[in-house]
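Chemist: Following this line is final.cif, made up of mmCIF, C-alpha atoms:
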```cif
data_final
loop_
_atom_site.label_atom_id
_atom_site.label_comp_id
_atom_site.auth_asym_id
_atom_site.auth_seq_id
_atom_site.Cartn_x
_atom_site.Cartn_y
_atom_site.Cartn_z
CA MET A 484 18.52 -5.32 67.76
CA ALA A 485 17.57 -1.77 66.85
CA GLU A 486 18.05 0.90 69.50
CA ILE A 487 14.74 1.77 71.18
CA THR A 488 14.90 5.54 70.74
CA ALA A 489 12.33 8.13 71.78
CA LYS A 490 11.74 8.80 68.07
CA LEU A 491 10.90 5.14 67.46
CA VAL A 492 8.51 5.08 70.42
CA LYS A 493 6.87 8.27 69.17
CA GLU A 494 6.45 6.76 65.68
CA LEU A 495 4.75 3.67 67.11
CA ARG A 496 2.46 5.83 69.26
CA GLU A 497 1.41 7.87 66.22
CA ILE A 498 0.63 4.71 64.27
CA THR A 499 -1.24 2.80 67.00
CA GLY A 500 -2.51 5.34 69.52
CA ALA A 501 -1.17 3.12 72.31
CA GLY A 502 0.49 4.52 75.46
CA MET A 503 4.16 5.40 75.59
CA MET A 504 5.15 2.64 78.02
CA ASP A 505 3.15 0.06 76.09
CA CYS A 506 4.88 1.12 72.88
CA LYS A 507 8.30 0.97 74.51
CA LYS A 508 7.57 -2.50 75.91
CA ALA A 509 6.32 -3.76 72.53
CA LEU A 510 9.43 -2.43 70.77
CA THR A 511 11.68 -4.02 73.37
CA GLU A 512 9.95 -7.38 73.01
CA THR A 513 10.22 -7.24 69.21
CA GLU A 514 13.81 -5.95 69.17
CA GLY A 515 12.83 -2.62 67.66
CA ASP A 516 10.84 -3.98 64.71
CA VAL A 517 7.93 -1.55 64.28
CA GLU A 518 5.72 -3.89 62.22
CA SER A 519 6.12 -6.69 64.78
CA ALA A 520 5.51 -4.21 67.60
CA ILE A 521 2.22 -3.19 65.98
CA ASP A 522 1.13 -6.84 65.94
CA ASN A 523 2.30 -7.20 69.54
CA LEU A 524 0.10 -4.29 70.64
CA ARG A 525 -2.86 -5.52 68.63
CA THR A 526 -2.62 -9.00 70.13
CA ARG A 527 -2.77 -7.43 73.58
CA GLY A 528 -5.76 -5.31 72.55
CA LEU A 529 -3.83 -2.07 72.80
CA ALA A 530 -4.10 -1.00 69.16
CA ALA A 531 -7.15 -1.28 66.92
CA ILE A 532 -5.61 -0.80 63.49
CA SER A 533 -5.22 -2.92 60.40
CA LYS A 534 -2.72 -0.89 58.40
CA LYS A 535 -0.49 2.12 58.61
CA SER A 536 -2.12 5.32 57.44
CA GLY A 537 -0.31 7.35 54.79
CA ARG A 538 1.79 10.06 56.35
CA ALA A 539 1.78 13.22 54.27
CA THR A 540 5.31 14.58 53.92
CA ASN A 541 4.82 17.13 51.12
CA GLU A 542 2.80 20.24 50.60
CA GLY A 543 0.77 20.57 47.43
CA ALA A 544 -2.62 19.86 45.93
CA ILE A 545 -4.51 17.06 44.21
CA ALA A 546 -6.67 17.89 41.19
CA VAL A 547 -9.32 15.81 39.43
CA ALA A 548 -10.59 16.21 35.85
CA LEU A 549 -13.75 14.41 34.74
CA ALA A 550 -14.92 14.09 31.12
CA ASP A 551 -18.36 15.42 30.20
CA ASP A 552 -19.71 11.89 29.76
CA SER A 553 -18.24 10.84 33.15
CA LYS A 554 -16.51 7.86 31.52
CA THR A 555 -12.93 9.15 31.68
CA VAL A 556 -11.19 10.74 34.66
CA ALA A 557 -7.73 11.90 35.72
CA LEU A 558 -6.15 12.53 39.12
CA LEU A 559 -2.91 14.43 39.55
CA GLU A 560 -0.80 15.29 42.60
CA LEU A 561 1.36 18.41 42.33
CA ASN A 562 3.77 19.09 45.18
CA CYS A 563 5.38 22.28 46.42
CA GLU A 564 7.49 23.42 49.36
CA THR A 565 5.12 25.41 51.58
CA ASP A 566 1.46 25.46 52.53
CA PHE A 567 1.39 29.13 51.57
CA VAL A 568 1.98 28.18 47.92
CA ALA A 569 -0.18 25.03 48.16
CA THR A 570 -3.26 27.17 48.88
CA ASN A 571 -2.41 29.82 46.31
CA ALA A 572 -5.01 30.01 43.54
CA THR A 573 -2.30 30.20 40.87
CA PHE A 574 -0.77 26.93 42.11
CA THR A 575 -4.09 25.07 42.47
CA GLY A 576 -5.14 26.36 39.06
CA PHE A 577 -1.90 25.00 37.60
CA ALA A 578 -2.59 21.60 39.19
CA GLN A 579 -6.05 21.61 37.61
CA GLN A 580 -4.62 22.61 34.23
CA LEU A 581 -2.22 19.67 34.38
CA ALA A 582 -5.03 17.26 35.34
CA ASP A 583 -7.07 18.54 32.40
CA MET A 584 -4.14 17.86 30.09
CA VAL A 585 -3.72 14.33 31.42
CA LEU A 586 -7.42 13.75 30.80
CA ALA A 587 -7.25 15.10 27.24
CA ASN A 588 -3.92 13.59 26.16
CA ASP A 589 -3.34 10.43 28.19
CA PRO A 590 0.45 10.87 28.53
CA ALA A 591 2.43 7.73 29.35
CA ASP A 592 4.43 9.29 32.19
CA ILE A 593 5.54 12.58 33.72
CA ASP A 594 8.15 13.19 31.02
CA ALA A 595 5.47 12.70 28.36
CA LEU A 596 3.22 15.14 30.21
CA LYS A 597 5.96 17.78 30.26
CA ALA A 598 6.54 17.30 26.54
CA LEU A 599 2.93 18.21 25.70
CA THR A 600 2.09 21.57 24.16
CA VAL A 601 -0.19 23.85 26.16
CA PRO A 602 -3.34 24.62 24.12
CA ASP A 603 -3.49 28.06 22.51
CA SER A 604 0.02 28.97 23.68
CA GLY A 605 2.52 27.03 21.59
CA ILE A 606 4.75 26.40 24.62
CA SER A 607 5.49 23.07 26.22
CA VAL A 608 4.26 22.04 29.66
CA GLU A 609 7.92 21.91 30.72
CA HIS A 610 8.30 25.61 29.87
CA LEU A 611 5.08 26.31 31.72
CA PHE A 612 6.62 24.64 34.77
CA ALA A 613 9.62 26.96 34.54
CA ASP A 614 7.32 29.98 34.36
CA MET A 615 5.35 28.80 37.40
CA VAL A 616 8.52 28.17 39.42
CA ASN A 617 9.74 31.66 38.61
CA LYS A 618 6.38 33.16 39.50
CA LEU A 619 5.84 31.31 42.80
CA GLY A 620 9.46 30.80 43.82
CA GLU A 621 9.21 27.13 44.72
CA ASN A 622 10.03 23.78 43.22
CA MET A 623 6.79 22.02 42.19
CA PRO A 624 7.20 18.47 40.89
CA VAL A 625 4.36 16.24 39.74
CA ALA A 626 4.35 13.37 42.23
CA ARG A 627 2.02 11.12 40.19
CA PHE A 628 -1.05 11.00 38.03
CA THR A 629 -3.63 8.40 37.03
CA ARG A 630 -5.97 8.37 34.04
CA MET A 631 -8.83 5.87 33.92
CA ALA A 632 -11.55 5.11 31.39
CA ILE A 633 -14.67 2.94 31.43
CA ASP A 634 -15.39 0.64 28.50
CA GLY A 635 -19.10 0.06 28.05
CA THR A 636 -21.78 1.41 30.34
CA GLY A 637 -20.71 3.16 33.52
CA ALA A 638 -19.52 6.37 35.13
CA PHE A 639 -16.96 7.88 37.48
CA ALA A 640 -17.68 10.14 40.43
CA TYR A 641 -15.20 11.98 42.64
CA TYR A 642 -14.72 14.00 45.80
CA VAL A 643 -11.86 16.32 46.82
CA HIS A 644 -11.38 17.07 50.52
CA GLY A 645 -9.27 19.05 52.98
CA GLY A 646 -7.93 21.84 50.81
CA ALA A 647 -7.19 19.39 48.00
CA LYS A 648 -5.15 17.13 50.30
CA ILE A 649 -7.27 14.02 49.64
CA ALA A 650 -9.07 13.04 46.43
CA VAL A 651 -11.15 9.97 45.68
CA VAL A 652 -12.46 8.62 42.38
CA VAL A 653 -15.02 5.80 42.28
CA ALA A 654 -15.95 3.76 39.20
CA PHE A 655 -19.53 2.52 38.81
CA GLY A 656 -21.14 -0.01 36.53
CA LEU A 657 -24.59 0.92 35.20
CA SER A 658 -27.24 -0.80 33.11
CA LYS A 659 -28.32 2.49 31.50
CA GLN A 660 -25.81 5.18 30.57
CA GLU A 661 -28.41 7.92 31.02
CA THR A 662 -28.33 7.19 34.75
CA ALA A 663 -24.97 8.98 34.88
CA ASN A 664 -26.72 12.27 34.02
CA SER A 665 -29.20 11.98 36.88
CA ASP A 666 -28.83 14.42 39.77
CA VAL A 667 -29.73 11.57 42.12
CA PHE A 668 -26.87 9.44 40.78
CA LYS A 669 -24.42 12.35 40.89
CA MET A 670 -25.23 12.93 44.56
CA TYR A 671 -24.97 9.21 45.26
CA GLY A 672 -21.61 9.01 43.44
CA LYS A 673 -20.24 11.91 45.48
CA ASP A 674 -21.53 10.25 48.66
CA ILE A 675 -19.64 7.04 47.90
CA ALA A 676 -16.45 8.96 47.11
CA MET A 677 -16.87 10.84 50.41
CA GLN A 678 -17.31 7.46 52.12
CA VAL A 679 -13.93 6.30 50.79
CA CYS A 680 -12.40 9.59 51.88
CA ALA A 681 -13.80 9.40 55.42
CA ALA A 682 -13.69 5.66 56.13
CA ASP A 683 -10.57 4.78 54.10
CA PRO A 684 -11.47 1.16 53.23
CA ILE A 685 -8.73 -1.29 52.33
CA ALA A 686 -10.67 -3.11 49.62
CA LEU A 687 -13.90 -3.03 47.65
CA ASP A 688 -15.38 -6.27 49.01
CA ARG A 689 -14.31 -9.52 50.69
CA ASP A 690 -13.05 -11.03 47.46
CA SER A 691 -10.83 -8.03 46.76
CA PHE A 692 -8.53 -8.39 49.76
CA ASP A 693 -4.97 -9.58 49.36
CA PRO A 694 -5.06 -13.12 50.85
CA ALA A 695 -1.89 -12.30 52.77
CA VAL A 696 -3.68 -9.43 54.52
CA VAL A 697 -6.57 -11.70 55.51
CA ASP A 698 -4.19 -14.40 56.75
CA HIS A 699 -2.28 -11.84 58.78
CA GLU A 700 -5.45 -10.46 60.36
CA LEU A 701 -6.72 -13.96 61.17
CA SER A 702 -3.42 -14.83 62.85
CA ILE A 703 -3.81 -11.78 65.11
CA TYR A 704 -7.40 -12.70 66.00
CA LYS A 705 -6.43 -16.31 66.75
CA ALA A 706 -3.65 -15.07 69.02
CA GLN A 707 -6.11 -12.79 70.80
CA ALA A 708 -8.62 -15.64 71.17
CA ALA A 709 -5.95 -17.98 72.53
CA GLU A 710 -5.30 -15.54 75.37
CA SER A 711 -8.93 -15.94 76.48
CA GLY A 712 -8.24 -19.47 77.68
CA LYS A 713 -11.50 -20.72 76.19
CA PRO A 714 -11.85 -24.09 74.40
CA GLU A 715 -10.39 -24.28 70.88
CA ASN A 716 -13.79 -24.45 69.15
CA ILE A 717 -14.84 -21.26 70.94
CA GLN A 718 -11.53 -19.64 70.06
CA GLU A 719 -12.16 -20.44 66.40
CA LYS A 720 -15.58 -18.79 66.52
CA MET A 721 -14.11 -15.77 68.28
CA ALA A 722 -11.46 -15.38 65.58
CA GLU A 723 -14.03 -15.77 62.78
CA GLY A 724 -16.27 -13.20 64.44
CA ARG A 725 -13.44 -10.69 64.61
CA LEU A 726 -12.56 -11.37 60.97
CA ASN A 727 -16.16 -10.64 59.98
CA LYS A 728 -15.94 -7.40 61.96
CA PHE A 729 -12.73 -6.58 60.08
CA TYR A 730 -14.53 -7.08 56.75
CA LYS A 731 -17.39 -4.82 57.82
CA GLU A 732 -14.95 -2.11 58.81
CA GLN A 733 -12.53 -2.39 55.90
CA ALA A 734 -14.53 -3.60 52.85
CA LEU A 735 -16.22 -0.59 51.23
CA VAL A 736 -19.51 -2.26 50.31
CA GLU A 737 -19.90 -3.68 53.84
CA GLN A 738 -19.06 -0.48 55.71
CA ALA A 739 -21.79 1.42 57.53
CA PHE A 740 -22.76 4.36 55.33
CA VAL A 741 -21.29 7.47 56.95
CA LYS A 742 -24.43 9.55 56.37
CA ASP A 743 -26.74 6.87 57.78
CA MET A 744 -24.96 4.39 60.04
CA ASP A 745 -28.05 2.14 60.16
CA ILE A 746 -27.46 0.96 56.58
CA SER A 747 -24.44 -0.34 54.67
CA VAL A 748 -22.93 1.10 51.51
CA LYS A 749 -24.37 -1.93 49.69
CA ASP A 750 -27.85 -1.15 51.06
CA TYR A 751 -27.55 2.49 50.00
CA THR A 752 -26.43 1.45 46.51
CA GLN A 753 -29.39 -0.90 46.11
CA ARG A 754 -31.79 1.81 47.29
CA ILE A 755 -30.51 4.32 44.74
CA GLY A 756 -30.57 1.67 42.02
CA LYS A 757 -34.20 0.95 42.78
CA GLU A 758 -35.04 4.66 42.76
CA LEU A 759 -33.42 5.09 39.34
CA ASP A 760 -34.64 1.74 37.96
CA ASP A 761 -31.07 0.71 37.25
CA THR A 762 -28.54 -1.81 38.53
CA ILE A 763 -25.64 0.11 40.05
CA THR A 764 -22.39 -1.64 40.89
CA ILE A 765 -19.37 -0.16 42.60
CA LYS A 766 -16.47 -1.41 40.48
CA SER A 767 -13.40 0.17 42.07
CA PHE A 768 -12.05 3.19 43.92
CA THR A 769 -8.83 5.19 43.84
CA ARG A 770 -7.78 7.31 46.81
CA TYR A 771 -4.96 9.87 46.65
CA ASN A 772 -3.61 11.18 49.96
CA LEU A 773 -1.13 14.03 49.60
CA GLY A 774 2.45 12.96 50.24
CA GLU A 775 1.82 9.23 50.64
CA THR A 776 4.14 8.29 47.77
CA ALA A 777 6.96 10.24 49.37
CA ALA A 778 6.25 8.56 52.72
CA SER A 779 6.35 5.14 51.09
CA ALA A 780 9.68 5.94 49.44
CA GLU A 781 11.15 6.99 52.79
CA GLU A 782 10.06 3.71 54.40
CA GLU A 783 11.68 1.52 51.74
#
```
What do you get writing this file as structure tokens?

Modeler:
Amino acid sequence: MAEITAKLVKELREITGAGMMDCKKALTETEGDVESAIDNLRTRGLAAISKKSGRATNEGAIAVALADDSKTVALLELNCETDFVATNATFTGFAQQLADMVLANDPADIDALKALTVPDSGISVEHLFADMVNKLGENMPVARFTRMAIDGTGAFAYYVHGGAKIAVVVAFGLSKQETANSDVFKMYGKDIAMQVCAADPIALDRDSFDPAVVDHELSIYKAQAAESGKPENIQEKMAEGRLNKFYKEQALVEQAFVKDMDISVKDYTQRIGKELDDTITIKSFTRYNLGETAASAEEE
């Protein structure tokens, strides 16, 4: 049994929002296992969460580069040691330069990125890193990058939020490529990326969820329903109702649109498609939250 320390209780409180004594009780009952304690609190209705949020542990910035035809995009996270450097224009400009190079060159990994030659300079990206470290006085590793391309008709849209701490890219399927050039579509695409940023969905739609996640959620809802003391057939309906609510909160296309809570993201998409005389489909989304890879590594 793990020791129930104040630090452990604080961690559970930050994750769930539950009270200190409730968190301590849940940890005691689960022998200090945080994941089991989260389920314990949820079963008792004391935590309304479905996953741990990423905990940023690094300073830095996320940059996005989008091709002129909107069919290729790159995201890159560049870390540093202090917020002072993270907000420095030289540092954010460097992050953008690196994202642009990922977009143009499609390097296989970070080592391949560093081996690239900076246009019009003749020096390698690795040497550029050394120059930037000398100039800004901090270590600045690339945490990760992603480059994506659309085959056929479609377009990417993106949104960067919170001083470049969160970035979202969304891929769309289109019937007509010219739709991607429309100001209406560009605003719509940014709106959907903002939706992912604000509402942080787990999956695109019901079919996109990991079955293990759905099974886990359903087990929680069945446990909650069992505590009601109602007949089993009623309990089943209660659990199914809560699962449907989970889908509406966590599946992007079913979420209430943040700019108009009376309609869903799916409704908004259909409305824009009708306006542009096109069939628009949300294909996927990618969300970068600064520091989440470092947080994941610490938890392993």

Chemist: Determine, counting all atoms listed in the file, which protein, DNA and RNA residues have an atom within 9 Å of an atom of A:Ala578; residues of the same chain fewer than 5 positions away are not included. Present the result as an mmCIF file with C-alpha atoms, in the frame of the given file.

Modeler:
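Once written, result_14.cif looks like this:
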```cif
data_model
loop_
_atom_site.group_PDB
_atom_site.id
_atom_site.type_symbol
_atom_site.label_atom_id
_atom_site.label_comp_id
_atom_site.auth_asym_id
_atom_site.auth_seq_id
_atom_site.Cartn_x
_atom_site.Cartn_y
_atom_site.Cartn_z
ATOM 1 C CA GLY A 543 0.770 20.570 47.430
ATOM 2 C CA ALA A 544 -2.620 19.860 45.930
ATOM 3 C CA ILE A 545 -4.510 17.060 44.210
ATOM 4 C CA ALA A 546 -6.670 17.890 41.190
ATOM 5 C CA VAL A 547 -9.320 15.810 39.430
ATOM 6 C CA LEU A 559 -2.910 14.430 39.550
ATOM 7 C CA GLU A 560 -0.800 15.290 42.600
ATOM 8 C CA LEU A 561 1.360 18.410 42.330
ATOM 9 C CA THR A 573 -2.300 30.200 40.870
ATOM 10 C CA ASP A 583 -7.070 18.540 32.400
ATOM 11 C CA VAL A 625 4.360 16.240 39.740
#
```

Chemist: Could you work out how far atom CA of A:Pro684 lies from atom CA of A:Glu723, giving the answer in Å with one decimal?

Modeler: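 One can read the atom CA of A:Glu723 to atom CA of A:Pro684 distance as 19.6 Å.
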
Chemist: Evaluate the PyMOL selection byres ((chain A and resi 689-694) around 10) and record the selected residues as a VMD selection string, following the chain and residue labels used in the document.

Modeler: chain A and resid 685 to 688 695 to 700 727 729 to 731 733 to 737 767

Chemist: Could you work out how far atom CA of A:Phe574 lies from atom CA of A:Asn588, giving the answer in Å with one decimal?

Modeler: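 So the answer is 21.0 Å.
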
Chemist: One number please: atom CA of A:Ala626 to atom CA of A:Thr600, in Å, one decimal.

Modeler: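 Atom CA of A:Thr600 lies at a distance of 20.0 Å from atom CA of A:Ala626.
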
Chemist: Report the residues retrieved by the PyMOL selection byres ((chain A and resi 739) around 12) from the displayed file, expressed as a list in words.

Modeler: Ile675, Gln678, Val679, Ala681, Ala682, Pro684, Lys728, Tyr730, Lys731, Glu732, Gln733, Ala734, Leu735, Val736, Glu737, Gln738, Phe740, Val741, Lys742, Asp743, Met744, Asp745, Ile746, Ser747, Val748, Lys749, Asp750, Tyr751 and Thr752 of chain A

Chemist: Would you output that residue set with C-alpha atoms, as a PDB file, keeping the file's coordinate frame?

Modeler:
```
ATOM      1  CA  ILE A 675     -19.640   7.040  47.900  1.00  0.00           C
ATOM      2  CA  GLN A 678     -17.310   7.460  52.120  1.00  0.00           C
ATOM      3  CA  VAL A 679     -13.930   6.300  50.790  1.00  0.00           C
ATOM      4  CA  ALA A 681     -13.800   9.400  55.420  1.00  0.00           C
ATOM      5  CA  ALA A 682     -13.690   5.660  56.130  1.00  0.00           C
ATOM      6  CA  PRO A 684     -11.470   1.160  53.230  1.00  0.00           C
ATOM      7  CA  LYS A 728     -15.940  -7.400  61.960  1.00  0.00           C
ATOM      8  CA  TYR A 730     -14.530  -7.080  56.750  1.00  0.00           C
ATOM      9  CA  LYS A 731     -17.390  -4.820  57.820  1.00  0.00           C
ATOM     10  CA  GLU A 732     -14.950  -2.110  58.810  1.00  0.00           C
ATOM     11  CA  GLN A 733     -12.530  -2.390  55.900  1.00  0.00           C
ATOM     12  CA  ALA A 734     -14.530  -3.600  52.850  1.00  0.00           C
ATOM     13  CA  LEU A 735     -16.220  -0.590  51.230  1.00  0.00           C
ATOM     14  CA  VAL A 736     -19.510  -2.260  50.310  1.00  0.00           C
ATOM     15  CA  GLU A 737     -19.900  -3.680  53.840  1.00  0.00           C
ATOM     16  CA  GLN A 738     -19.060  -0.480  55.710  1.00  0.00           C
ATOM     17  CA  PHE A 740     -22.760   4.360  55.330  1.00  0.00           C
ATOM     18  CA  VAL A 741     -21.290   7.470  56.950  1.00  0.00           C
ATOM     19  CA  LYS A 742     -24.430   9.550  56.370  1.00  0.00           C
ATOM     20  CA  ASP A 743     -26.740   6.870  57.780  1.00  0.00           C
ATOM     21  CA  MET A 744     -24.960   4.390  60.040  1.00  0.00           C
ATOM     22  CA  ASP A 745     -28.050   2.140  60.160  1.00  0.00           C
ATOM     23  CA  ILE A 746     -27.460   0.960  56.580  1.00  0.00           C
ATOM     24  CA  SER A 747     -24.440  -0.340  54.670  1.00  0.00           C
ATOM     25  CA  VAL A 748     -22.930   1.100  51.510  1.00  0.00           C
ATOM     26  CA  LYS A 749     -24.370  -1.930  49.690  1.00  0.00           C
ATOM     27  CA  ASP A 750     -27.850  -1.150  51.060  1.00  0.00           C
ATOM     28  CA  TYR A 751     -27.550   2.490  50.000  1.00  0.00           C
ATOM     29  CA  THR A 752     -26.430   1.450  46.510  1.00  0.00           C
TER      30      THR A 752
END
```

Chemist: Running the PyMOL selection byres ((chain A and resi 505-515) around 12) on this model by hand, what would come out? Give it as a ChimeraX atom specification.

Modeler: /A:484-504,516-530

Chemist: Would you export the selected residues with C-alpha atoms as a PDB file, in the coordinates of the input, please?

Modeler:
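After the write, part35.pdb holds the following:
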```pdb
ATOM      1  CA  MET A 484      18.520  -5.320  67.760  1.00  0.00           C
ATOM      2  CA  ALA A 485      17.570  -1.770  66.850  1.00  0.00           C
ATOM      3  CA  GLU A 486      18.050   0.900  69.500  1.00  0.00           C
ATOM      4  CA  ILE A 487      14.740   1.770  71.180  1.00  0.00           C
ATOM      5  CA  THR A 488      14.900   5.540  70.740  1.00  0.00           C
ATOM      6  CA  ALA A 489      12.330   8.130  71.780  1.00  0.00           C
ATOM      7  CA  LYS A 490      11.740   8.800  68.070  1.00  0.00           C
ATOM      8  CA  LEU A 491      10.900   5.140  67.460  1.00  0.00           C
ATOM      9  CA  VAL A 492       8.510   5.080  70.420  1.00  0.00           C
ATOM     10  CA  LYS A 493       6.870   8.270  69.170  1.00  0.00           C
ATOM     11  CA  GLU A 494       6.450   6.760  65.680  1.00  0.00           C
ATOM     12  CA  LEU A 495       4.750   3.670  67.110  1.00  0.00           C
ATOM     13  CA  ARG A 496       2.460   5.830  69.260  1.00  0.00           C
ATOM     14  CA  GLU A 497       1.410   7.870  66.220  1.00  0.00           C
ATOM     15  CA  ILE A 498       0.630   4.710  64.270  1.00  0.00           C
ATOM     16  CA  THR A 499      -1.240   2.800  67.000  1.00  0.00           C
ATOM     17  CA  GLY A 500      -2.510   5.340  69.520  1.00  0.00           C
ATOM     18  CA  ALA A 501      -1.170   3.120  72.310  1.00  0.00           C
ATOM     19  CA  GLY A 502       0.490   4.520  75.460  1.00  0.00           C
ATOM     20  CA  MET A 503       4.160   5.400  75.590  1.00  0.00           C
ATOM     21  CA  MET A 504       5.150   2.640  78.020  1.00  0.00           C
ATOM     22  CA  ASP A 516      10.840  -3.980  64.710  1.00  0.00           C
ATOM     23  CA  VAL A 517       7.930  -1.550  64.280  1.00  0.00           C
ATOM     24  CA  GLU A 518       5.720  -3.890  62.220  1.00  0.00           C
ATOM     25  CA  SER A 519       6.120  -6.690  64.780  1.00  0.00           C
ATOM     26  CA  ALA A 520       5.510  -4.210  67.600  1.00  0.00           C
ATOM     27  CA  ILE A 521       2.220  -3.190  65.980  1.00  0.00           C
ATOM     28  CA  ASP A 522       1.130  -6.840  65.940  1.00  0.00           C
ATOM     29  CA  ASN A 523       2.300  -7.200  69.540  1.00  0.00           C
ATOM     30  CA  LEU A 524       0.100  -4.290  70.640  1.00  0.00           C
ATOM     31  CA  ARG A 525      -2.860  -5.520  68.630  1.00  0.00           C
ATOM     32  CA  THR A 526      -2.620  -9.000  70.130  1.00  0.00           C
ATOM     33  CA  ARG A 527      -2.770  -7.430  73.580  1.00  0.00           C
ATOM     34  CA  GLY A 528      -5.760  -5.310  72.550  1.00  0.00           C
ATOM     35  CA  LEU A 529      -3.830  -2.070  72.800  1.00  0.00           C
ATOM     36  CA  ALA A 530      -4.100  -1.000  69.160  1.00  0.00           C
TER      37      ALA A 530
END
```

Chemist: Return the single residue from A:Ser702, A:Thr764, A:Thr629, A:Gln660 that is closest to A:Val556, with distances computed using all atoms listed in the file.

Modeler: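 Smallest distance to A:Val556 is found for A:Thr629.
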
Chemist: Within 9 Å of A:Met721, counting only C-alpha atoms, which residues qualify if same-chain residues fewer than 3 places away don't, as a list in words?

Modeler: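 Within the cut-off, the hits are Tyr704, Lys705, Gln707, Ala708, Asn716, Ile717, Gln718, Gly724, Arg725 and Leu726 of chain A.
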
Chemist: Could you tell me which of A:Phe628, A:Tyr641, A:Phe768, A:Phe577 comes closest to A:Leu611 if we count all atoms listed in the file?

Modeler: A:Phe577

Chemist: Hey, could you pull the box centre and edge lengths for stretch 573-579 of chain A, axis-aligned, 3 Å padding per side, all listed atoms, to one decimal in Å, as JSON?

Modeler:
```
{"center_x": -3.4, "center_y": 25.9, "center_z": 40.0, "size_x": 11.3, "size_y": 14.6, "size_z": 10.9}
```

Chemist: With distances taken over only C-alpha atoms, which residue among A:Met670, A:Ala709, A:Ala632, A:Cys563 lies nearest A:Leu549?

Modeler: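 Checking each candidate against A:Leu549, we get A:Ala632 as the closest.
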
Chemist: Calculated over all atoms listed in the file, which of the candidates A:Pro624, A:Gly635, A:Gly656, A:Pro714 has the smallest distance to A:Glu542?

Modeler: A:Pro624

Chemist: Using all atoms listed in the file, which residue out of A:Ala706, A:Met677, A:Met584, A:Met615 lies closest to A:Val568?

Modeler: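 Answer, going by the shortest atom-to-atom distance: A:Met615.
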